[in-house]
Each structure stands twice: as structure tokens, then as C-alpha cells.
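This is upload.pdb (PDB, C-alpha atoms).
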```
ATOM      1  CA  MET C   5       3.877  42.353  29.752
ATOM      2  CA  LYS C   6       1.607  45.118  28.521
ATOM      3  CA  THR C   7       4.634  47.226  27.597
ATOM      4  CA  GLN C   8       6.069  44.334  25.572
ATOM      5  CA  ASN C   9       2.769  43.790  23.718
ATOM      6  CA  MET C  10       2.542  47.503  22.984
ATOM      7  CA  GLY C  11       6.062  47.454  21.622
ATOM      8  CA  LEU C  12       5.221  44.528  19.312
ATOM      9  CA  TYR C  13       2.077  46.314  18.144
ATOM     10  CA  VAL C  14       4.004  49.501  17.329
ATOM     11  CA  ALA C  15       6.680  47.464  15.525
ATOM     12  CA  LYS C  16       4.032  45.708  13.411
ATOM     13  CA  GLN C  17       2.455  49.057  12.551
ATOM     14  CA  TRP C  18       5.808  50.405  11.383
ATOM     15  CA  ILE C  19       6.469  47.289   9.285
ATOM     16  CA  VAL C  20       3.066  47.626   7.619
ATOM     17  CA  LYS C  21       3.713  51.310   6.898
ATOM     18  CA  ILE C  22       7.138  50.560   5.424
ATOM     19  CA  LEU C  23       5.716  47.815   3.210
ATOM     20  CA  CYS C  24       2.914  50.123   2.033
ATOM     21  CA  TYR C  25       5.397  52.880   1.201
ATOM     22  CA  LEU C  26       7.642  50.434  -0.668
ATOM     23  CA  LEU C  27       4.656  49.189  -2.651
ATOM     24  CA  LEU C  28       3.594  52.750  -3.488
ATOM     25  CA  ILE C  29       7.130  53.653  -4.563
ATOM     26  CA  ALA C  30       7.272  50.562  -6.782
ATOM     27  CA  LEU C  31       3.916  51.443  -8.382
ATOM     28  CA  PHE C  32       5.102  55.026  -8.871
ATOM     29  CA  LEU C  33       8.259  53.859 -10.636
ATOM     30  CA  VAL C  34       6.330  51.426 -12.825
ATOM     31  CA  SER C  35       3.947  54.227 -13.850
ATOM     32  CA  VAL C  36       6.380  57.123 -14.264
ATOM     33  CA  VAL C  37       9.614  55.562 -15.550
ATOM     34  CA  PRO C  38       8.178  54.498 -18.964
ATOM     35  CA  ILE C  39       6.812  58.014 -19.509
ATOM     36  CA  TYR C  40      10.121  59.548 -18.460
ATOM     37  CA  MET C  41      12.056  57.242 -20.804
ATOM     38  CA  LEU C  42       9.687  58.141 -23.639
ATOM     39  CA  LEU C  43      10.370  61.853 -23.124
ATOM     40  CA  ILE C  44      14.120  61.231 -22.851
ATOM     41  CA  ASN C  45      14.232  59.162 -26.057
ATOM     42  CA  ALA C  46      12.363  61.947 -27.854
ATOM     43  CA  THR C  47      15.542  64.020 -27.464
ATOM     44  CA  ARG C  48      17.955  61.320 -28.685
ATOM     45  CA  THR C  49      19.007  60.026 -32.092
ATOM     46  CA  THR C  50      18.361  56.541 -33.419
ATOM     47  CA  VAL C  51      21.984  55.511 -32.805
ATOM     48  CA  GLN C  52      21.843  56.753 -29.213
ATOM     49  CA  ILE C  53      18.573  54.928 -28.560
ATOM     50  CA  GLN C  54      19.943  51.691 -29.961
ATOM     51  CA  SER C  55      23.120  52.027 -27.898
ATOM     52  CA  GLY C  56      21.267  51.650 -24.595
ATOM     53  CA  ILE C  57      19.205  53.291 -21.895
ATOM     54  CA  SER C  58      20.028  56.812 -20.766
ATOM     55  CA  LEU C  59      18.453  58.913 -18.009
ATOM     56  CA  ILE C  60      19.966  62.136 -19.353
ATOM     57  CA  PRO C  61      18.207  64.063 -22.174
ATOM     58  CA  GLY C  62      19.943  64.176 -25.523
ATOM     59  CA  THR C  63      20.487  67.060 -27.932
ATOM     60  CA  ALA C  64      18.472  65.841 -30.915
ATOM     61  CA  PHE C  65      15.111  67.355 -29.916
ATOM     62  CA  PHE C  66      14.895  69.809 -32.796
ATOM     63  CA  ASP C  67      16.543  67.329 -35.180
ATOM     64  CA  ASN C  68      13.789  64.801 -34.450
ATOM     65  CA  TRP C  69      11.163  67.469 -35.067
ATOM     66  CA  GLU C  70      12.780  68.314 -38.408
ATOM     67  CA  THR C  71      13.025  64.636 -39.350
ATOM     68  CA  MET C  72       9.375  64.110 -38.547
ATOM     69  CA  SER C  73       8.419  67.151 -40.629
ATOM     70  CA  ASN C  74      10.576  66.000 -43.562
ATOM     71  CA  LEU C  75       8.790  62.643 -43.570
ATOM     72  CA  GLY C  76       5.593  64.447 -44.562
ATOM     73  CA  VAL C  77       3.812  63.851 -41.268
ATOM     74  CA  ASP C  78       1.384  66.686 -40.537
ATOM     75  CA  VAL C  79       1.101  66.406 -36.765
ATOM     76  CA  TRP C  80      -0.968  69.585 -36.467
ATOM     77  CA  LEU C  81      -3.635  68.042 -38.697
ATOM     78  CA  GLY C  82      -3.663  65.039 -36.375
ATOM     79  CA  VAL C  83      -3.921  67.313 -33.334
ATOM     80  CA  ARG C  84      -6.921  69.135 -34.821
ATOM     81  CA  ASN C  85      -8.682  65.920 -35.791
ATOM     82  CA  SER C  86      -7.957  64.211 -32.471
ATOM     83  CA  ALA C  87      -9.005  67.274 -30.487
ATOM     84  CA  PHE C  88     -12.304  67.556 -32.371
ATOM     85  CA  VAL C  89     -13.117  63.865 -31.964
ATOM     86  CA  ALA C  90     -11.919  63.641 -28.348
ATOM     87  CA  PHE C  91     -13.683  66.735 -27.018
ATOM     88  CA  THR C  92     -16.923  66.048 -28.887
ATOM     89  CA  SER C  93     -17.115  62.382 -27.932
ATOM     90  CA  THR C  94     -16.160  63.182 -24.333
ATOM     91  CA  PHE C  95     -19.003  65.682 -24.021
ATOM     92  CA  LEU C  96     -21.520  63.222 -25.483
ATOM     93  CA  THR C  97     -20.239  60.372 -23.318
ATOM     94  CA  VAL C  98     -20.440  62.303 -20.052
ATOM     95  CA  TYR C  99     -23.733  64.085 -20.731
ATOM     96  CA  PHE C 100     -25.764  61.129 -21.982
ATOM     97  CA  SER C 101     -24.232  58.694 -19.491
ATOM     98  CA  MET C 102     -25.096  61.038 -16.646
ATOM     99  CA  LEU C 103     -28.581  61.489 -18.129
ATOM    100  CA  THR C 104     -29.083  57.711 -18.285
ATOM    101  CA  ALA C 105     -27.801  57.314 -14.744
ATOM    102  CA  TYR C 106     -30.194  60.045 -13.580
ATOM    103  CA  ALA C 107     -33.096  58.114 -15.110
ATOM    104  CA  LEU C 108     -32.005  54.975 -13.259
ATOM    105  CA  VAL C 109     -31.744  56.847  -9.964
ATOM    106  CA  ALA C 110     -34.746  59.177 -10.142
ATOM    107  CA  TYR C 111     -37.400  56.911 -11.705
ATOM    108  CA  ASN C 112     -38.946  53.557 -10.920
ATOM    109  CA  PHE C 113     -40.008  51.943 -14.162
ATOM    110  CA  ARG C 114     -40.699  48.455 -15.413
ATOM    111  CA  PHE C 115     -37.639  46.313 -16.217
ATOM    112  CA  LYS C 116     -35.360  48.834 -14.500
ATOM    113  CA  LYS C 117     -33.254  46.117 -12.871
ATOM    114  CA  ILE C 118     -33.073  44.150 -16.104
ATOM    115  CA  PHE C 119     -31.872  47.247 -17.955
ATOM    116  CA  PHE C 120     -29.172  47.863 -15.363
ATOM    117  CA  VAL C 121     -28.048  44.230 -15.572
ATOM    118  CA  PHE C 122     -27.863  44.658 -19.351
ATOM    119  CA  VAL C 123     -25.629  47.704 -18.848
ATOM    120  CA  LEU C 124     -23.357  45.653 -16.579
ATOM    121  CA  ALA C 125     -23.234  42.852 -19.149
ATOM    122  CA  MET C 126     -22.228  45.283 -21.903
ATOM    123  CA  ILE C 127     -19.252  46.408 -19.813
ATOM    124  CA  MET C 128     -17.832  42.896 -20.114
ATOM    125  CA  VAL C 129     -17.989  42.855 -23.929
ATOM    126  CA  PRO C 130     -14.649  43.992 -25.447
ATOM    127  CA  GLY C 131     -14.835  46.435 -28.334
ATOM    128  CA  GLN C 132     -12.750  44.167 -30.567
ATOM    129  CA  LEU C 133     -15.667  41.734 -30.823
ATOM    130  CA  TYR C 134     -17.994  44.092 -32.666
ATOM    131  CA  ILE C 135     -15.583  46.275 -34.652
ATOM    132  CA  VAL C 136     -16.014  44.221 -37.849
ATOM    133  CA  GLY C 137     -19.813  44.247 -37.618
ATOM    134  CA  PHE C 138     -19.778  47.967 -36.818
ATOM    135  CA  PHE C 139     -17.511  48.576 -39.817
ATOM    136  CA  GLN C 140     -19.939  46.743 -42.117
ATOM    137  CA  TYR C 141     -22.869  48.662 -40.630
ATOM    138  CA  MET C 142     -21.159  52.032 -41.183
ATOM    139  CA  HIS C 143     -20.217  50.963 -44.706
ATOM    140  CA  SER C 144     -23.831  50.110 -45.525
ATOM    141  CA  MET C 145     -24.889  53.561 -44.273
ATOM    142  CA  GLY C 146     -22.176  55.347 -46.243
ATOM    143  CA  LEU C 147     -20.591  56.826 -43.105
ATOM    144  CA  LEU C 148     -17.060  55.508 -43.518
ATOM    145  CA  ASN C 149     -14.290  58.110 -43.738
ATOM    146  CA  THR C 150     -16.322  60.575 -41.678
ATOM    147  CA  PHE C 151     -16.060  61.572 -38.033
ATOM    148  CA  ILE C 152     -19.620  60.419 -37.326
ATOM    149  CA  PRO C 153     -18.789  56.765 -36.440
ATOM    150  CA  LEU C 154     -16.019  57.992 -34.123
ATOM    151  CA  ILE C 155     -18.284  60.392 -32.237
ATOM    152  CA  ILE C 156     -21.924  59.257 -32.190
ATOM    153  CA  PRO C 157     -21.339  55.775 -30.648
ATOM    154  CA  SER C 158     -19.791  57.486 -27.625
ATOM    155  CA  ILE C 159     -23.345  58.256 -26.505
ATOM    156  CA  ALA C 160     -23.615  54.609 -25.431
ATOM    157  CA  ALA C 161     -20.906  54.091 -22.784
ATOM    158  CA  PRO C 162     -22.005  51.391 -20.306
ATOM    159  CA  GLY C 163     -18.951  51.736 -18.069
ATOM    160  CA  THR C 164     -19.547  55.461 -17.675
ATOM    161  CA  VAL C 165     -23.258  54.867 -17.024
ATOM    162  CA  PHE C 166     -22.399  52.431 -14.216
ATOM    163  CA  PHE C 167     -19.989  54.840 -12.529
ATOM    164  CA  CYS C 168     -22.397  57.785 -12.887
ATOM    165  CA  LYS C 169     -25.235  55.767 -11.330
ATOM    166  CA  GLN C 170     -23.097  54.826  -8.348
ATOM    167  CA  TYR C 171     -22.028  58.439  -8.004
ATOM    168  CA  LEU C 172     -25.568  59.824  -8.149
ATOM    169  CA  ASP C 173     -26.756  57.224  -5.637
ATOM    170  CA  SER C 174     -24.262  58.600  -3.124
ATOM    171  CA  SER C 175     -24.520  62.327  -3.846
ATOM    172  CA  VAL C 176     -28.127  63.106  -4.899
ATOM    173  CA  SER C 177     -31.179  62.830  -2.641
ATOM    174  CA  HIS C 178     -34.675  62.053  -3.906
ATOM    175  CA  GLU C 179     -36.053  64.790  -1.623
ATOM    176  CA  LEU C 180     -34.119  67.390  -3.610
ATOM    177  CA  ILE C 181     -35.581  66.113  -6.882
ATOM    178  CA  GLN C 182     -39.094  66.062  -5.446
ATOM    179  CA  ALA C 183     -38.705  69.627  -4.131
ATOM    180  CA  ALA C 184     -37.612  70.829  -7.572
ATOM    181  CA  ARG C 185     -40.633  69.129  -9.167
ATOM    182  CA  ILE C 186     -42.989  70.764  -6.665
ATOM    183  CA  ASP C 187     -41.458  74.144  -7.553
ATOM    184  CA  GLY C 188     -42.412  73.511 -11.178
ATOM    185  CA  ALA C 189     -39.011  72.654 -12.651
ATOM    186  CA  SER C 190     -38.999  70.467 -15.748
ATOM    187  CA  GLU C 191     -37.140  67.159 -15.771
ATOM    188  CA  PHE C 192     -34.423  68.469 -18.082
ATOM    189  CA  GLY C 193     -34.276  71.624 -15.990
ATOM    190  CA  ILE C 194     -33.704  69.548 -12.856
ATOM    191  CA  PHE C 195     -31.005  67.559 -14.564
ATOM    192  CA  ASN C 196     -29.177  70.478 -16.196
ATOM    193  CA  ARG C 197     -29.460  73.006 -13.363
ATOM    194  CA  ILE C 198     -29.333  70.823 -10.250
ATOM    195  CA  ILE C 199     -28.003  67.330 -10.917
ATOM    196  CA  LEU C 200     -25.093  68.200 -13.222
ATOM    197  CA  PRO C 201     -23.634  70.875 -10.909
ATOM    198  CA  LEU C 202     -23.889  68.498  -7.942
ATOM    199  CA  ALA C 203     -22.291  65.692  -9.960
ATOM    200  CA  ALA C 204     -19.496  67.869 -11.398
ATOM    201  CA  PRO C 205     -16.615  65.934  -9.708
ATOM    202  CA  GLY C 206     -17.919  62.616 -11.082
ATOM    203  CA  ALA C 207     -18.563  64.153 -14.501
ATOM    204  CA  PHE C 208     -15.019  65.543 -14.665
ATOM    205  CA  THR C 209     -13.595  62.189 -13.593
ATOM    206  CA  MET C 210     -15.420  60.292 -16.320
ATOM    207  CA  GLY C 211     -14.638  63.070 -18.767
ATOM    208  CA  ILE C 212     -10.915  62.656 -18.194
ATOM    209  CA  PHE C 213     -11.097  58.892 -18.716
ATOM    210  CA  ALA C 214     -13.255  59.306 -21.830
ATOM    211  CA  PHE C 215     -10.917  61.953 -23.251
ATOM    212  CA  VAL C 216      -7.823  59.814 -22.762
ATOM    213  CA  ALA C 217      -9.517  56.763 -24.318
ATOM    214  CA  SER C 218     -10.684  58.766 -27.346
ATOM    215  CA  TRP C 219      -7.363  60.562 -27.781
ATOM    216  CA  ASN C 220      -5.375  57.300 -27.705
ATOM    217  CA  ALA C 221      -7.822  55.291 -29.839
ATOM    218  CA  PHE C 222      -6.089  53.605 -32.766
ATOM    219  CA  MET C 223      -8.004  50.573 -34.002
ATOM    220  CA  GLY C 224     -11.362  52.323 -34.374
ATOM    221  CA  PRO C 225     -10.019  55.272 -36.407
ATOM    222  CA  LEU C 226      -7.875  52.879 -38.445
ATOM    223  CA  PHE C 227     -10.966  50.932 -39.531
ATOM    224  CA  LEU C 228     -13.376  53.837 -39.902
ATOM    225  CA  VAL C 229     -11.349  56.775 -41.277
ATOM    226  CA  GLY C 230      -8.167  55.051 -42.413
ATOM    227  CA  GLY C 231      -9.051  55.580 -46.078
ATOM    228  CA  ASP C 232      -8.936  59.380 -45.877
ATOM    229  CA  GLN C 233      -5.626  60.803 -44.668
ATOM    230  CA  ASN C 234      -7.217  64.217 -44.087
ATOM    231  CA  LEU C 235      -9.307  62.634 -41.305
ATOM    232  CA  HIS C 236      -6.490  60.727 -39.628
ATOM    233  CA  THR C 237      -6.214  61.254 -35.896
ATOM    234  CA  LEU C 238      -2.855  61.794 -34.221
ATOM    235  CA  PRO C 239      -2.154  58.097 -33.419
ATOM    236  CA  LEU C 240      -2.708  57.195 -37.085
ATOM    237  CA  ILE C 241      -0.447  59.989 -38.270
ATOM    238  CA  ILE C 242       2.312  59.045 -35.837
ATOM    239  CA  ASN C 243       1.988  55.453 -37.031
ATOM    240  CA  ARG C 244       3.212  56.587 -40.462
ATOM    241  CA  LEU C 245       6.630  57.304 -38.951
ATOM    242  CA  GLN C 246       7.357  53.612 -38.518
ATOM    243  CA  GLY C 247       8.097  52.970 -42.177
ATOM    244  CA  ASP C 248       9.958  49.672 -42.577
ATOM    245  CA  THR C 249      12.616  47.994 -40.480
ATOM    246  CA  PHE C 250      15.575  49.375 -42.466
ATOM    247  CA  ARG C 251      14.622  53.068 -42.579
ATOM    248  CA  ARG C 252      12.919  53.514 -39.238
ATOM    249  CA  ASP C 253      13.941  56.670 -37.369
ATOM    250  CA  LEU C 254      13.452  55.828 -33.701
ATOM    251  CA  GLY C 255      14.121  59.377 -32.561
ATOM    252  CA  ALA C 256      11.311  60.763 -34.715
ATOM    253  CA  ILE C 257       8.972  57.968 -33.603
ATOM    254  CA  TYR C 258       9.627  58.675 -29.920
ATOM    255  CA  PHE C 259       9.228  62.389 -30.570
ATOM    256  CA  GLY C 260       5.846  61.757 -32.200
ATOM    257  CA  MET C 261       4.687  59.563 -29.316
ATOM    258  CA  ALA C 262       5.824  62.205 -26.820
ATOM    259  CA  PHE C 263       3.886  64.781 -28.825
ATOM    260  CA  THR C 264       0.693  62.743 -28.384
ATOM    261  CA  LEU C 265       1.346  62.495 -24.653
ATOM    262  CA  ILE C 266       1.488  66.242 -23.959
ATOM    263  CA  PRO C 267      -2.299  66.951 -24.151
ATOM    264  CA  ILE C 268      -3.024  63.988 -21.871
ATOM    265  CA  LEU C 269      -0.532  65.209 -19.276
ATOM    266  CA  PHE C 270      -2.065  68.670 -19.483
ATOM    267  CA  VAL C 271      -5.582  67.304 -18.935
ATOM    268  CA  TYR C 272      -4.470  65.229 -15.960
ATOM    269  CA  ALA C 273      -2.572  68.147 -14.441
ATOM    270  CA  ALA C 274      -5.553  70.467 -14.842
ATOM    271  CA  PHE C 275      -8.279  68.131 -13.565
ATOM    272  CA  SER C 276      -6.498  65.550 -11.397
ATOM    273  CA  ARG C 277      -8.104  66.855  -8.209
ATOM    274  CA  PHE C 278     -11.517  65.928  -9.604
ATOM    275  CA  ILE C 279     -10.384  62.317 -10.100
ATOM    276  CA  VAL C 280      -9.625  61.899  -6.381
ATOM    277  CA  SER C 281     -12.755  63.647  -5.129
ATOM    278  CA  GLY C 282     -14.980  62.004  -7.752
ATOM    279  CA  ILE C 283     -13.835  58.458  -7.094
ATOM    280  CA  SER C 284     -13.827  58.842  -3.303
ATOM    281  CA  LEU C 285     -17.355  60.294  -3.201
ATOM    282  CA  GLY C 286     -18.708  57.870  -5.786
ATOM    283  CA  SER C 287     -17.432  54.900  -3.783
ATOM    284  CA  VAL C 288     -19.206  55.886  -0.544
ATOM    285  CA  LYS C 289     -22.914  55.306  -0.174
ATOM    286  CA  GLU C 290     -24.926  56.773   2.675
TER     287      GLU C 290
END
```

Now, as a test, write the supplied structure out as C-alpha cells.
Amino acid sequence: MKTQNMGLYVAKQWIVKILCYLLLIALFLVSVVPIYMLLINATRTTVQIQSGISLIPGTAFFDNWETMSNLGVDVWLGVRNSAFVAFTSTFLTVYFSMLTAYALVAYNFRFKKIFFVFVLAMIMVPGQLYIVGFFQYMHSMGLLNTFIPLIIPSIAAPGTVFFCKQYLDSSVSHELIQAARIDGASEFGIFNRIILPLAAPGAFTMGIFAFVASWNAFMGPLFLVGGDQNLHTLPLIINRLQGDTFRRDLGAIYFGMAFTLIPILFVYAAFSRFIVSGISLGSVKE
């Protein structure tokens, strides 16, 4: 009887493992296949793309690059603008969010819980709700068609503040902060020299997410710098390839979209290990 029960238990364990692996394979295909098809279509002509799906790369890679160049699309200008905005806003997002989280962890002040609840409430507000009001505010300040409205608001990132607080709660001890204060370290010295190095995995994790969000941003740059083509980010420049329905070159469009994907893949490949370690440590609380 015990042998039979053990056999059923082992069989159930194997079924659960198989189902988990099938689910993971399905999620992998859903995540990777669209990216793979995007890269494949970047090497095909419009006629080939319209003829159907293909898993084999085409031979129109350089032709699509030439077509995109002939359409007057300066992708390198978009890369420079996107890189400047993405790296600057990512630094501000991570640093000030971590600084805010440090204040919530290290200090006990009046209305602390209310402030944290306010941060949680702001996470639930979609950016589309305030884009018109923000546009009018930037217009009244004369800051439209500058990089300032694309960079400075990144200081206030409630989602990043929430994650950083949870991470610091699980990785930083109050005894360490008190010992640094007794040794005469300033508050900014404690944060910059002790807290940030300890929180590096969480900072890199949030930095990757912030970079990807800033690099792929379309609606914000369209509203705020759309009037000056010299300030267009890469998504805005690639959007010019669409043209109209009758003269749309799908090969060049896919090539442009693949071009925007390369920096993101590079960032993920370089810092992916920090995502796993950052999320796993930030989700465990001692």
C-alpha cells in the first residue's frame, strides 16, 4: 500500500513538472517569437513580408538600410537623442528613488505612512491622464521642444520608490546606519558610500526597467518635442517611415524597429544577472 502511494506521489510530481515546463516553454515562445519575427522581417522586402510568414532571414538587409536612408530618416540623430534622454533620466530615476526610499527606511517622521500610501496611490495613476495638463504646464513655462520635460520629471517615479523601499527593507540594517552615524559620517555620505553599494543589484534592476521605458517612450516625446525634428527621439524618427498606406515600405519599417531593439537587447544581456538577484533579494524580508 505504501509503495502504491509512493508511486502515485512520484507520478503527480512528474506531471506537475511537465506542466510547469510546458508553461515555461509557452511563455518563452510568446516572448521570443515576436522579437525573432521582427528581426527576420528586417531582412525581407515588402513583397516578401506581405506574402506570408518566414522563419528564414531574407537578403534585403542592406536594401532596407538604403531605403531608410533615402527616406531622409536620420537614425543616428535619434540614437543620440534617445541615448541622452534615456541615460540621464535613468540616472535621475534610480538615484532619487533610492534616496527617497532610504528616507522612508532610515527615518521616522510625521505622516510617514501617509506619504508612503500616497506613493502607492500614484502608482495606480496612468500617465495618459496627466499628459495634457503636463503639456500645458510645460507650455506656460516655455519648456516645450527641449529635453527638460523628458528628463526632470523622471525624478518622481513612485513605482521605483516602492521597489527600492522594499529592497532596502530586506538588505539594509538600521544598526549599520547607526554605526556610520556614530563614526561621524554625514547622511549623504552614508547613502552614497554605504547604502548605494549595498543596494547595487536593486539599483541596476530598476535602472534597466527605467532605461527601457525611456528608450521606448513615444507619446511623451511626441507631445513635448514633436515640434522640433532635431530633438526627435528614435521612436519618433522611426515613426516617419510609415508614410501613407500606398507608399509604405514594410521592410524599412521593420528594419527601423529592429534598430531600436538592439540597445535594449544589449542592456538586458549586459545586466540581466542583476535583474534576477535584485528581484529575488528585494522580495525576501528578514

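Proximity of C:Val89, C:Leu180, C:Leu148, C:Leu23 to C:Phe195, computed with only C-alpha atoms, is greatest for C:Leu180.
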
Exercise for review: Give me, please, the distance in Å between atom CA of C:Tyr25 and atom CA of C:Tyr13, quoted to one decimal.
Suggested key: 18.5 Å

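Atom pair atom CA of C:Ala262 / atom CA of C:Gly211 has a distance of 22.0 Å (rounded to one decimal).
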
Practice item. Select, counting all atoms listed in the file, all protein, DNA and RNA residues no farther than 12 Å from (16.4, 60.6, -29.3) in file coordinates, and express the selection as number ranges by chain. Key: C: 41-69, 71, 253-262

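Straight-line separation from atom CA of C:Gly230 to atom CA of C:Asn149: 7.0 Å.
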
Check your understanding: Which of these residues is nearest to C:Val176, using all atoms listed in the file: C:Phe122, C:Tyr111, C:Phe227, C:Tyr106?
Key -> C:Tyr106

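For the choices C:Leu96, C:Leu133, C:Ile266, C:Ile181, the atom-to-atom distance to C:Pro157 is smallest for C:Leu96 when using only C-alpha atoms.
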
Point to revise | Output of the PyMOL selection byres ((chain C and resi 223) around 10), listed as a count of residues only | key: 14
